[in-house]
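**Q** I'm passing along data_15.cif; it holds mmCIF, C-alpha atoms.
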```
data_run
#
loop_
_atom_site.group_PDB
_atom_site.id
_atom_site.type_symbol
_atom_site.label_atom_id
_atom_site.label_comp_id
_atom_site.auth_asym_id
_atom_site.auth_seq_id
_atom_site.Cartn_x
_atom_site.Cartn_y
_atom_site.Cartn_z
ATOM 1 C CA MET A 22 -23.916 -6.396 -23.041
ATOM 2 C CA ALA A 23 -23.513 -2.913 -21.582
ATOM 3 C CA VAL A 24 -25.216 -4.033 -18.395
ATOM 4 C CA ALA A 25 -22.913 -7.033 -18.139
ATOM 5 C CA GLY A 26 -19.943 -4.727 -18.621
ATOM 6 C CA LEU A 27 -21.181 -2.449 -15.887
ATOM 7 C CA GLY A 28 -21.571 -5.515 -13.704
ATOM 8 C CA ILE A 29 -17.884 -6.270 -14.094
ATOM 9 C CA ASP A 30 -16.852 -2.780 -12.984
ATOM 10 C CA LEU A 31 -19.331 -2.702 -10.117
ATOM 11 C CA GLY A 32 -18.381 -6.222 -9.086
ATOM 12 C CA ARG A 33 -14.740 -5.249 -8.979
ATOM 13 C CA MET A 34 -15.537 -2.176 -6.894
ATOM 14 C CA TYR A 35 -17.578 -4.310 -4.499
ATOM 15 C CA LEU A 36 -14.697 -6.756 -4.211
ATOM 16 C CA ILE A 37 -12.193 -3.976 -3.507
ATOM 17 C CA LYS A 38 -14.556 -2.554 -0.900
ATOM 18 C CA SER A 39 -14.629 -5.960 0.844
ATOM 19 C CA GLU A 40 -10.852 -6.109 0.925
ATOM 20 C CA LEU A 41 -10.539 -2.557 2.241
ATOM 21 C CA GLN A 42 -13.233 -3.185 4.855
ATOM 22 C CA ALA A 43 -11.350 -6.189 6.234
ATOM 23 C CA PHE A 44 -8.234 -4.035 6.394
ATOM 24 C CA ALA A 45 -10.013 -1.104 8.068
ATOM 25 C CA ASP A 46 -11.623 -3.390 10.670
ATOM 26 C CA SER A 47 -8.318 -5.002 11.539
ATOM 27 C CA ALA A 48 -6.399 -1.711 11.598
ATOM 28 C CA ALA A 49 -8.991 0.002 13.790
ATOM 29 C CA LEU A 50 -8.960 -2.860 16.300
ATOM 30 C CA GLY A 51 -5.162 -2.975 16.336
ATOM 31 C CA ALA A 52 -4.898 0.789 16.762
ATOM 32 C CA ALA A 53 -7.461 0.825 19.564
ATOM 33 C CA LEU A 54 -5.453 -1.837 21.377
ATOM 34 C CA ARG A 55 -2.477 0.515 21.562
ATOM 35 C CA LEU A 56 -4.404 3.386 23.119
ATOM 36 C CA ASP A 57 -3.442 3.793 26.744
ATOM 37 C CA GLY A 58 -4.103 7.474 27.447
ATOM 38 C CA THR A 59 -0.550 8.527 26.632
ATOM 39 C CA GLY A 60 1.101 10.204 23.678
ATOM 40 C CA GLU A 61 3.107 7.032 23.065
ATOM 41 C CA GLY A 62 -0.126 5.087 22.841
ATOM 42 C CA ILE A 63 -1.448 7.387 20.149
ATOM 43 C CA ALA A 64 1.852 7.237 18.275
ATOM 44 C CA GLY A 65 1.753 3.451 18.431
ATOM 45 C CA ALA A 66 -1.837 3.401 17.262
ATOM 46 C CA ARG A 67 -0.930 5.529 14.258
ATOM 47 C CA GLN A 68 1.659 2.948 13.190
ATOM 48 C CA VAL A 69 -0.707 -0.033 13.178
ATOM 49 C CA PRO A 70 -2.370 0.537 9.775
ATOM 50 C CA SER A 71 0.955 0.905 7.985
ATOM 51 C CA GLU A 72 2.270 -2.207 9.743
ATOM 52 C CA LEU A 73 -0.717 -4.183 8.450
ATOM 53 C CA ALA A 74 -0.263 -2.804 4.953
ATOM 54 C CA THR A 75 3.380 -3.851 4.667
ATOM 55 C CA GLY A 76 5.457 -6.965 5.291
ATOM 56 C CA PRO A 77 5.191 -10.545 4.043
ATOM 57 C CA ASN A 78 1.595 -10.972 5.245
ATOM 58 C CA ALA A 79 0.377 -7.554 4.188
ATOM 59 C CA MET A 80 -3.280 -7.098 3.396
ATOM 60 C CA ARG A 81 -3.832 -5.857 -0.167
ATOM 61 C CA TRP A 82 -6.585 -4.810 -2.552
ATOM 62 C CA ASP A 83 -7.632 -5.661 -6.139
ATOM 63 C CA MET A 84 -7.645 -9.415 -5.577
ATOM 64 C CA GLY A 85 -4.710 -9.123 -3.251
ATOM 65 C CA THR A 86 -2.343 -7.615 -5.796
ATOM 66 C CA GLN A 87 -2.054 -3.935 -4.865
ATOM 67 C CA PRO A 88 -0.628 -2.488 -1.646
ATOM 68 C CA ILE A 89 -2.941 -0.346 0.465
ATOM 69 C CA THR A 90 -1.393 3.103 0.648
ATOM 70 C CA GLU A 91 -4.230 5.571 1.167
ATOM 71 C CA ILE A 92 -4.953 5.313 4.871
ATOM 72 C CA SER A 93 -6.128 7.907 7.335
ATOM 73 C CA THR A 94 -6.296 7.394 11.091
ATOM 74 C CA THR A 95 -8.192 9.711 13.415
ATOM 75 C CA PHE A 96 -8.953 9.663 17.113
ATOM 76 C CA ALA A 97 -11.869 10.828 19.224
ATOM 77 C CA LYS A 98 -12.904 11.109 22.825
ATOM 78 C CA GLY A 99 -16.202 9.960 24.250
ATOM 79 C CA GLU A 100 -17.870 7.566 26.619
ATOM 80 C CA THR A 101 -20.016 5.071 24.779
ATOM 81 C CA GLU A 102 -19.949 6.845 21.429
ATOM 82 C CA PRO A 103 -17.317 9.042 19.829
ATOM 83 C CA ASP A 104 -17.809 12.764 20.305
ATOM 84 C CA ALA A 105 -17.988 14.032 16.717
ATOM 85 C CA LYS A 106 -16.341 17.334 17.653
ATOM 86 C CA THR A 107 -13.186 15.668 18.939
ATOM 87 C CA TRP A 108 -12.109 13.734 15.848
ATOM 88 C CA GLN A 109 -8.557 14.672 15.007
ATOM 89 C CA ALA A 110 -5.725 13.092 13.087
ATOM 90 C CA GLU A 111 -2.922 14.318 15.271
ATOM 91 C CA PRO A 112 -3.993 14.958 18.838
ATOM 92 C CA SER A 113 -1.868 17.718 20.323
ATOM 93 C CA GLY A 114 -1.344 15.791 23.531
ATOM 94 C CA PRO A 115 -2.366 12.738 25.478
ATOM 95 C CA GLY A 116 -5.954 12.585 26.526
ATOM 96 C CA ASP A 117 -8.792 10.218 26.956
ATOM 97 C CA PHE A 118 -8.914 9.202 23.309
ATOM 98 C CA ARG A 119 -10.808 5.939 23.253
ATOM 99 C CA PHE A 120 -12.021 5.804 19.664
ATOM 100 C CA VAL A 121 -10.041 5.171 16.497
ATOM 101 C CA ARG A 122 -11.354 5.547 12.984
ATOM 102 C CA VAL A 123 -9.403 4.066 10.096
ATOM 103 C CA VAL A 124 -10.366 4.943 6.539
ATOM 104 C CA ALA A 125 -8.710 3.039 3.706
ATOM 105 C CA SER A 126 -9.285 4.018 0.101
ATOM 106 C CA ALA A 127 -8.089 2.879 -3.289
ATOM 107 C CA PRO A 128 -8.615 3.907 -6.918
ATOM 108 C CA ALA A 129 -10.717 1.098 -8.408
ATOM 109 C CA PRO A 130 -9.891 0.787 -12.103
ATOM 110 C CA LEU A 131 -12.829 1.351 -14.469
ATOM 111 C CA ILE A 132 -13.212 -0.400 -17.813
ATOM 112 C CA PHE A 133 -16.817 0.132 -18.864
ATOM 113 C CA LEU A 134 -18.073 2.734 -16.406
ATOM 114 C CA ARG A 135 -15.651 5.381 -17.659
ATOM 115 C CA ILE A 136 -17.809 5.772 -20.766
ATOM 116 C CA PHE A 137 -20.618 7.149 -18.635
ATOM 117 C CA GLN A 138 -18.467 9.466 -16.588
ATOM 118 C CA PRO A 139 -18.348 13.115 -17.603
ATOM 119 C CA LEU A 140 -14.646 13.341 -16.763
ATOM 120 C CA LYS A 141 -13.754 10.005 -18.423
ATOM 121 C CA THR A 142 -11.506 9.081 -15.533
ATOM 122 C CA ASP A 143 -10.021 5.597 -15.525
ATOM 123 C CA ALA A 144 -10.578 4.975 -11.817
ATOM 124 C CA SER A 145 -13.128 5.577 -9.101
ATOM 125 C CA VAL A 146 -12.182 5.919 -5.458
ATOM 126 C CA VAL A 147 -13.533 3.168 -3.229
ATOM 127 C CA ALA A 148 -13.252 3.641 0.520
ATOM 128 C CA ALA A 149 -13.984 1.653 3.654
ATOM 129 C CA SER A 150 -14.187 2.970 7.177
ATOM 130 C CA SER A 151 -14.165 1.347 10.567
ATOM 131 C CA VAL A 152 -14.344 2.705 14.116
ATOM 132 C CA ALA A 153 -13.043 0.781 17.115
ATOM 133 C CA MET A 154 -13.461 1.553 20.799
ATOM 134 C CA LYS A 155 -11.113 0.819 23.659
ATOM 135 C CA THR A 156 -12.485 0.065 27.097
ATOM 136 C CA PRO A 157 -10.622 -1.302 30.112
ATOM 137 C CA GLU A 158 -12.139 -4.707 29.454
ATOM 138 C CA ALA A 159 -12.193 -5.022 25.715
ATOM 139 C CA VAL A 160 -11.623 -3.610 22.280
ATOM 140 C CA ARG A 161 -14.458 -3.763 19.832
ATOM 141 C CA LEU A 162 -15.689 -2.477 16.521
ATOM 142 C CA ILE A 163 -18.616 -0.096 16.786
ATOM 143 C CA GLN A 164 -19.056 1.031 13.164
ATOM 144 C CA MET B 17 -37.497 -17.902 -54.915
ATOM 145 C CA ARG B 18 -33.773 -17.661 -55.524
ATOM 146 C CA VAL B 19 -33.601 -14.223 -53.952
ATOM 147 C CA GLY B 20 -35.460 -15.442 -50.853
ATOM 148 C CA ASN B 21 -33.141 -18.434 -50.375
ATOM 149 C CA SER B 22 -30.082 -16.213 -50.727
ATOM 150 C CA ARG B 23 -31.342 -13.879 -47.987
ATOM 151 C CA THR B 24 -32.024 -16.820 -45.695
ATOM 152 C CA GLY B 25 -28.503 -18.092 -46.236
ATOM 153 C CA SER B 26 -27.003 -14.668 -45.501
ATOM 154 C CA ALA B 27 -28.963 -14.377 -42.304
ATOM 155 C CA LEU B 28 -27.725 -17.775 -41.183
ATOM 156 C CA ILE B 29 -24.116 -16.841 -41.867
ATOM 157 C CA GLU B 30 -24.515 -13.518 -40.052
ATOM 158 C CA PHE B 31 -26.183 -15.265 -37.140
ATOM 159 C CA ALA B 32 -23.379 -17.827 -36.940
ATOM 160 C CA ALA B 33 -20.721 -15.105 -37.020
ATOM 161 C CA ALA B 34 -22.507 -13.063 -34.347
ATOM 162 C CA LEU B 35 -23.006 -16.183 -32.237
ATOM 163 C CA ILE B 36 -19.285 -16.903 -32.210
ATOM 164 C CA ILE B 37 -18.438 -13.345 -31.164
ATOM 165 C CA LEU B 38 -21.229 -13.110 -28.579
ATOM 166 C CA SER B 39 -20.388 -16.513 -27.130
ATOM 167 C CA GLY B 40 -16.799 -15.422 -26.568
ATOM 168 C CA MET B 41 -17.907 -12.166 -24.957
ATOM 169 C CA PHE B 42 -20.438 -13.831 -22.691
ATOM 170 C CA ALA B 43 -17.877 -16.464 -21.708
ATOM 171 C CA GLY B 44 -15.410 -13.716 -20.805
ATOM 172 C CA ILE B 45 -17.976 -11.756 -18.804
ATOM 173 C CA PHE B 46 -19.056 -14.899 -16.968
ATOM 174 C CA GLN B 47 -15.454 -15.795 -16.245
ATOM 175 C CA VAL B 48 -14.565 -12.390 -14.805
ATOM 176 C CA GLY B 49 -17.816 -12.084 -12.868
ATOM 177 C CA TYR B 50 -17.541 -15.561 -11.390
ATOM 178 C CA THR B 51 -13.919 -14.936 -10.417
ATOM 179 C CA PHE B 52 -14.863 -11.701 -8.603
ATOM 180 C CA PHE B 53 -17.804 -13.439 -6.923
ATOM 181 C CA THR B 54 -15.691 -16.359 -5.692
ATOM 182 C CA TYR B 55 -12.841 -14.140 -4.534
ATOM 183 C CA SER B 56 -15.287 -11.925 -2.653
ATOM 184 C CA LYS B 57 -16.616 -14.995 -0.832
ATOM 185 C CA LEU B 58 -13.047 -16.024 -0.056
ATOM 186 C CA VAL B 59 -12.261 -12.586 1.413
ATOM 187 C CA ASN B 60 -15.295 -12.771 3.673
ATOM 188 C CA ALA B 61 -14.471 -16.341 4.728
ATOM 189 C CA VAL B 62 -10.844 -15.523 5.497
ATOM 190 C CA ARG B 63 -11.872 -12.378 7.363
ATOM 191 C CA ALA B 64 -14.310 -14.399 9.486
ATOM 192 C CA GLY B 65 -11.575 -16.929 10.243
ATOM 193 C CA ALA B 66 -9.028 -14.263 11.174
ATOM 194 C CA ARG B 67 -11.512 -12.471 13.401
ATOM 195 C CA TYR B 68 -12.371 -15.754 15.088
ATOM 196 C CA ALA B 69 -8.660 -16.504 15.561
ATOM 197 C CA SER B 70 -8.113 -13.058 17.066
ATOM 198 C CA LEU B 71 -10.445 -13.986 19.921
ATOM 199 C CA ASP B 72 -7.925 -16.544 21.143
ATOM 200 C CA ALA B 73 -6.395 -15.476 24.427
ATOM 201 C CA ALA B 74 -3.162 -17.363 23.863
ATOM 202 C CA LYS B 75 -0.454 -15.053 22.604
ATOM 203 C CA SER B 76 2.403 -17.244 21.462
ATOM 204 C CA ASN B 77 4.069 -18.169 18.198
ATOM 205 C CA THR B 78 2.208 -21.454 17.962
ATOM 206 C CA ALA B 79 -1.498 -22.041 17.878
ATOM 207 C CA ASP B 80 -3.182 -24.819 19.804
ATOM 208 C CA PRO B 81 -3.869 -27.550 17.201
ATOM 209 C CA GLU B 82 -7.504 -27.854 18.168
ATOM 210 C CA PHE B 83 -8.000 -24.114 18.007
ATOM 211 C CA ALA B 84 -6.142 -23.927 14.684
ATOM 212 C CA LYS B 85 -8.479 -26.587 13.342
ATOM 213 C CA SER B 86 -11.517 -24.618 14.461
ATOM 214 C CA VAL B 87 -10.134 -21.488 12.755
ATOM 215 C CA VAL B 88 -9.610 -23.410 9.522
ATOM 216 C CA ASN B 89 -13.126 -24.835 9.799
ATOM 217 C CA MET B 90 -14.431 -21.303 10.271
ATOM 218 C CA VAL B 91 -12.848 -20.309 6.967
ATOM 219 C CA VAL B 92 -13.792 -23.393 4.983
ATOM 220 C CA TYR B 93 -17.223 -24.236 6.416
ATOM 221 C CA GLY B 94 -18.277 -21.013 8.135
ATOM 222 C CA ALA B 95 -18.418 -22.674 11.552
ATOM 223 C CA PRO B 96 -15.708 -23.763 14.020
ATOM 224 C CA ARG B 97 -17.347 -27.143 14.505
ATOM 225 C CA PRO B 98 -19.188 -27.930 11.296
ATOM 226 C CA ALA B 99 -21.527 -30.818 10.693
ATOM 227 C CA VAL B 100 -20.062 -33.972 9.197
ATOM 228 C CA ASP B 101 -21.761 -33.332 5.877
ATOM 229 C CA ALA B 102 -21.001 -29.591 5.821
ATOM 230 C CA LYS B 103 -20.104 -28.116 2.458
ATOM 231 C CA PRO B 104 -17.373 -25.514 1.973
ATOM 232 C CA VAL B 105 -18.516 -21.906 1.630
ATOM 233 C CA VAL B 106 -16.370 -21.653 -1.486
ATOM 234 C CA ALA B 107 -16.605 -24.571 -3.885
ATOM 235 C CA GLY B 108 -13.409 -26.580 -3.971
ATOM 236 C CA LEU B 109 -11.814 -25.031 -0.886
ATOM 237 C CA THR B 110 -10.315 -27.615 1.458
ATOM 238 C CA PRO B 111 -8.880 -27.245 4.994
ATOM 239 C CA ASP B 112 -5.324 -27.943 3.846
ATOM 240 C CA GLN B 113 -5.489 -24.852 1.619
ATOM 241 C CA VAL B 114 -5.992 -22.538 4.581
ATOM 242 C CA GLU B 115 -2.990 -21.356 6.533
ATOM 243 C CA LEU B 116 -3.018 -19.878 10.031
ATOM 244 C CA ILE B 117 0.020 -17.929 11.185
ATOM 245 C CA VAL B 118 0.110 -16.643 14.730
ATOM 246 C CA SER B 119 2.474 -14.156 16.257
ATOM 247 C CA PRO B 120 2.464 -12.867 19.835
ATOM 248 C CA SER B 121 0.199 -10.016 18.801
ATOM 249 C CA ALA B 122 -1.858 -11.117 15.807
ATOM 250 C CA ALA B 123 -3.346 -13.967 13.814
ATOM 251 C CA THR B 124 -2.981 -14.130 10.047
ATOM 252 C CA VAL B 125 -5.144 -16.318 7.850
ATOM 253 C CA SER B 126 -4.464 -16.834 4.170
ATOM 254 C CA VAL B 127 -5.376 -19.158 1.334
ATOM 255 C CA ARG B 128 -2.617 -21.212 -0.309
ATOM 256 C CA ASP B 129 -2.644 -23.045 -3.613
ATOM 257 C CA PHE B 130 -6.323 -22.659 -4.319
ATOM 258 C CA GLU B 131 -7.552 -22.726 -7.896
ATOM 259 C CA MET B 132 -10.735 -20.862 -8.738
ATOM 260 C CA ASP B 133 -12.421 -22.860 -11.471
ATOM 261 C CA ALA B 134 -14.312 -20.403 -13.689
ATOM 262 C CA ILE B 135 -15.080 -23.191 -16.222
ATOM 263 C CA PHE B 136 -13.259 -21.495 -19.100
ATOM 264 C CA THR B 137 -10.113 -20.827 -17.138
ATOM 265 C CA LYS B 138 -8.586 -21.364 -13.726
ATOM 266 C CA VAL B 139 -7.156 -18.677 -11.474
ATOM 267 C CA LYS B 140 -4.523 -19.838 -9.037
ATOM 268 C CA LEU B 141 -4.319 -18.054 -5.712
ATOM 269 C CA ALA B 142 -1.122 -18.278 -3.717
ATOM 270 C CA GLY B 143 -1.150 -16.401 -0.450
ATOM 271 C CA ARG B 144 -4.251 -14.368 -1.164
ATOM 272 C CA PRO B 145 -6.515 -13.284 0.219
ATOM 273 C CA THR B 146 -4.620 -12.658 3.433
ATOM 274 C CA VAL B 147 -6.239 -11.112 6.488
ATOM 275 C CA THR B 148 -4.542 -10.275 9.788
ATOM 276 C CA PHE B 149 -6.372 -9.429 12.980
ATOM 277 C CA PRO B 150 -4.772 -8.457 16.297
ATOM 278 C CA PHE B 151 -5.530 -10.602 19.315
ATOM 279 C CA THR B 152 -8.269 -8.813 21.188
ATOM 280 C CA ALA B 153 -9.078 -11.290 23.940
ATOM 281 C CA GLY B 154 -7.946 -10.625 27.479
ATOM 282 C CA VAL B 155 -7.321 -6.916 26.980
ATOM 283 C CA VAL B 156 -6.189 -5.226 30.157
ATOM 284 C CA LYS B 157 -5.762 -1.552 30.746
#
```
Can you present the structure in this file as structure tokens?
**A**
Amino acid sequence: MAVAGLGIDLGRMYLIKSELQAFADSAALGAALRLDGTGEGIAGARQVPSELATGPNAMRWDMGTQPITEISTTFAKGETEPDAKTWQAEPSGPGDFRFVRVVASAPAPLIFLRIFQPLKTDASVVAASSVAMKTPEAVRLIQ
Amino acid sequence: MRVGNSRTGSALIEFAAALIILSGMFAGIFQVGYTFFTYSKLVNAVRAGARYASLDAAKSNTADPEFAKSVVNMVVYGAPRPAVDAKPVVAGLTPDQVELIVSPSAATVSVRDFEMDAIFTKVKLAGRPTVTFPFTAGVVK
């Protein structure tokens, strides 16, 4: 019975992760599309995740009932892979930022698992991350 | 003998009472688990359809009917041109329950009026899951 209960909590977390991953993939691709080497491009890219998370066709989590609000967007330079040292949330100026990473997270409610937690919290943070790359020819997901 | 029969009767009553409670709990756990499982498959199917739709180069407010059909097939059957006897990836999902909305910049796929049948109850989904992907074909610098 306890195992079945744990399965419910873990299943819900897995489901939320799927929803957040779809959102992160879409947001990263959309943000990468806006990158054009200018400050306006970066500003536009930063707006994409919030645009996807709002409106009549907004993507949501917890079986499509909760709005996605915890989103972080960072940018990096690089050629074929992002340079780990250049990740930054708010680039100071335009530059050759070709990589976008979107991380979406949500507090997955816990019913049974909270018993086993030392802090007895009623939620566990589930996150999904996606990195997209912009090239002159295409935009694609790389992670 | 009388004492033994009495104990047997008590055990039967206890077993019956426990069976009723356990049956309800197992039914509930099955119901929730099956609902999560089915919804997770729906999310993946809708995501695959939206990603497929985002590869369309046409950026208008209307989708080409043939392409729209292939997107719907991608969601329902997991392939744009499924075999005649293909089965839906989610039991009970039909093409008319999948909606494709295109804008000049993105394609949105969602499920409308689909009932998840978890045997003991039914969960109606209206407009969820919804996945939007930006058009990524024909990107120019």
**Q** Which of these, A:Met154, A:Ile163, A:Ile89, A:Val123, has the shortest distance to Ala53 in chain A once you count all atoms listed in the file?
**A**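 The answer is A:Met154, which sits nearest to Ala53 in chain A.
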**Q** Smallest atom-to-atom distance to chain A: which of B:Val91, B:Ala43, B:Val48, B:Val105, using all atoms listed in the file?
**A**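 Residue with the minimum atom-to-atom distance to chain A: B:Val48.
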**Q** Would you mind listing what lies within 10 Å of Arg55 in chain A as a list in words, with all atoms listed in the file counted and same-chain residues fewer than 2 positions away left out?
**A** Leu50, Gly51, Ala52, Ala53, Asp57, Gly58, Thr59, Glu61, Gly62, Ile63, Ala64, Gly65, Ala66, Arg67, Gln68, Val69 and Lys155 of chain A; Lys157 of chain B
**Q** Determine which residues of chain B sit within 10 Å of chain A, taking into account only C-alpha atoms, and present them as a ChimeraX atom specification.
**A** /B:38,41-42,45-46,48-57,59-60,62-64,66-67,70,117,121-122,124-126,141-157
**Q** Kindly indicate which residue among B:Ala79, B:Pro98, B:Gln47, B:Ser26 lies nearest to Lys138 in chain B, using only C-alpha atoms for the distances.
**A** B:Gln47
**Q** In Å to one decimal, how far is CA of Ala110 in chain A from CA of Val146 in chain A?
**A** 20.9 Å
**Q** Quick check, in Å to one decimal: how far apart do CA of Leu35 in chain B and CA of Ile135 in chain B lie?
**A**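 It comes out at 19.2 Å.
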**Q** Expressed in Å to a single decimal, how great is the separation between CA of Ser126 in chain A and CA of Leu41 in chain A?
**A**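 That distance, rounded to one decimal, is 7.0 Å.
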**Q** If the PyMOL selection byres ((chain B and resi 109) around 10) is run on the structure shown, which residues does it catch, given as a PyMOL selection string?
**A** chain B and resi 58+91-93+103-108+110-114+127-132
**Q** Draw an axis-aligned box tight on the listed atoms of range 43-52 of chain B, then pad every side by 8 Å and write out centre and edge lengths in Å to one decimal as JSON.
**A**
```
{"center_x": -16.5, "center_y": -14.1, "center_z": -15.2, "size_x": 21.1, "size_y": 20.8, "size_z": 29.1}
```
**Q** The PyMOL selection byres ((chain A and resi 93) around 8) - which residues does that actually catch in the file I just gave you? List them as a ChimeraX atom specification.
**A** /A:91-92,94-95,110,123-125
**Q** Identify all residues satisfying the PyMOL selection byres ((chain A and resi 108) around 6) in the given file; provide them as a list in words.
**A** Phe96, Ala97, Ala105, Lys106, Thr107 and Gln109 of chain A
**Q** Could range 77-96 of chain A be completed with N, CA and C atoms and written as an mmCIF file, in the frame of the given file, please?
**A**
```cif
data_model
loop_
_atom_site.group_PDB
_atom_site.id
_atom_site.type_symbol
_atom_site.label_atom_id
_atom_site.label_comp_id
_atom_site.auth_asym_id
_atom_site.auth_seq_id
_atom_site.Cartn_x
_atom_site.Cartn_y
_atom_site.Cartn_z
ATOM 1 N N PRO A 77 5.495 -9.340 4.841
ATOM 2 C CA PRO A 77 5.191 -10.545 4.043
ATOM 3 C C PRO A 77 3.725 -10.946 4.082
ATOM 4 N N ASN A 78 3.016 -10.613 5.156
ATOM 5 C CA ASN A 78 1.595 -10.972 5.245
ATOM 6 C C ASN A 78 0.704 -9.750 5.122
ATOM 7 N N ALA A 79 1.132 -8.801 4.331
ATOM 8 C CA ALA A 79 0.377 -7.554 4.188
ATOM 9 C C ALA A 79 -0.987 -7.812 3.552
ATOM 10 N N MET A 80 -1.956 -7.038 4.014
ATOM 11 C CA MET A 80 -3.280 -7.098 3.396
ATOM 12 C C MET A 80 -3.259 -6.174 2.176
ATOM 13 N N ARG A 81 -3.877 -6.605 1.094
ATOM 14 C CA ARG A 81 -3.832 -5.857 -0.167
ATOM 15 C C ARG A 81 -5.225 -5.731 -0.781
ATOM 16 N N TRP A 82 -5.299 -4.974 -1.865
ATOM 17 C CA TRP A 82 -6.585 -4.810 -2.552
ATOM 18 C C TRP A 82 -6.446 -5.217 -4.016
ATOM 19 N N ASP A 83 -7.551 -5.217 -4.744
ATOM 20 C CA ASP A 83 -7.632 -5.661 -6.139
ATOM 21 C C ASP A 83 -7.189 -7.115 -6.253
ATOM 22 N N MET A 84 -7.943 -7.986 -5.635
ATOM 23 C CA MET A 84 -7.645 -9.415 -5.577
ATOM 24 C C MET A 84 -6.265 -9.674 -4.996
ATOM 25 N N GLY A 85 -5.954 -8.899 -3.984
ATOM 26 C CA GLY A 85 -4.710 -9.123 -3.251
ATOM 27 C C GLY A 85 -3.448 -8.795 -4.006
ATOM 28 N N THR A 86 -3.531 -7.909 -4.994
ATOM 29 C CA THR A 86 -2.343 -7.615 -5.796
ATOM 30 C C THR A 86 -1.744 -6.231 -5.541
ATOM 31 N N GLN A 87 -2.537 -5.317 -5.010
ATOM 32 C CA GLN A 87 -2.054 -3.935 -4.865
ATOM 33 C C GLN A 87 -1.886 -3.560 -3.390
ATOM 34 N N PRO A 88 -0.798 -2.898 -3.046
ATOM 35 C CA PRO A 88 -0.628 -2.488 -1.646
ATOM 36 C C PRO A 88 -1.592 -1.365 -1.267
ATOM 37 N N ILE A 89 -2.036 -1.394 -0.034
ATOM 38 C CA ILE A 89 -2.941 -0.346 0.465
ATOM 39 C C ILE A 89 -2.083 0.820 0.948
ATOM 40 N N THR A 90 -2.246 1.952 0.316
ATOM 41 C CA THR A 90 -1.393 3.103 0.648
ATOM 42 C C THR A 90 -2.181 4.311 1.156
ATOM 43 N N GLU A 91 -3.439 4.411 0.748
ATOM 44 C CA GLU A 91 -4.230 5.571 1.167
ATOM 45 C C GLU A 91 -4.964 5.236 2.463
ATOM 46 N N ILE A 92 -4.375 5.651 3.565
ATOM 47 C CA ILE A 92 -4.953 5.313 4.871
ATOM 48 C C ILE A 92 -4.985 6.572 5.731
ATOM 49 N N SER A 93 -6.089 6.808 6.373
ATOM 50 C CA SER A 93 -6.128 7.907 7.335
ATOM 51 C C SER A 93 -6.615 7.372 8.684
ATOM 52 N N THR A 94 -5.964 7.840 9.736
ATOM 53 C CA THR A 94 -6.296 7.394 11.091
ATOM 54 C C THR A 94 -6.631 8.614 11.932
ATOM 55 N N THR A 95 -7.785 8.594 12.558
ATOM 56 C CA THR A 95 -8.192 9.711 13.415
ATOM 57 C C THR A 95 -8.663 9.173 14.765
ATOM 58 N N PHE A 96 -8.636 10.063 15.748
ATOM 59 C CA PHE A 96 -8.953 9.663 17.113
ATOM 60 C C PHE A 96 -10.042 10.575 17.682
#
```
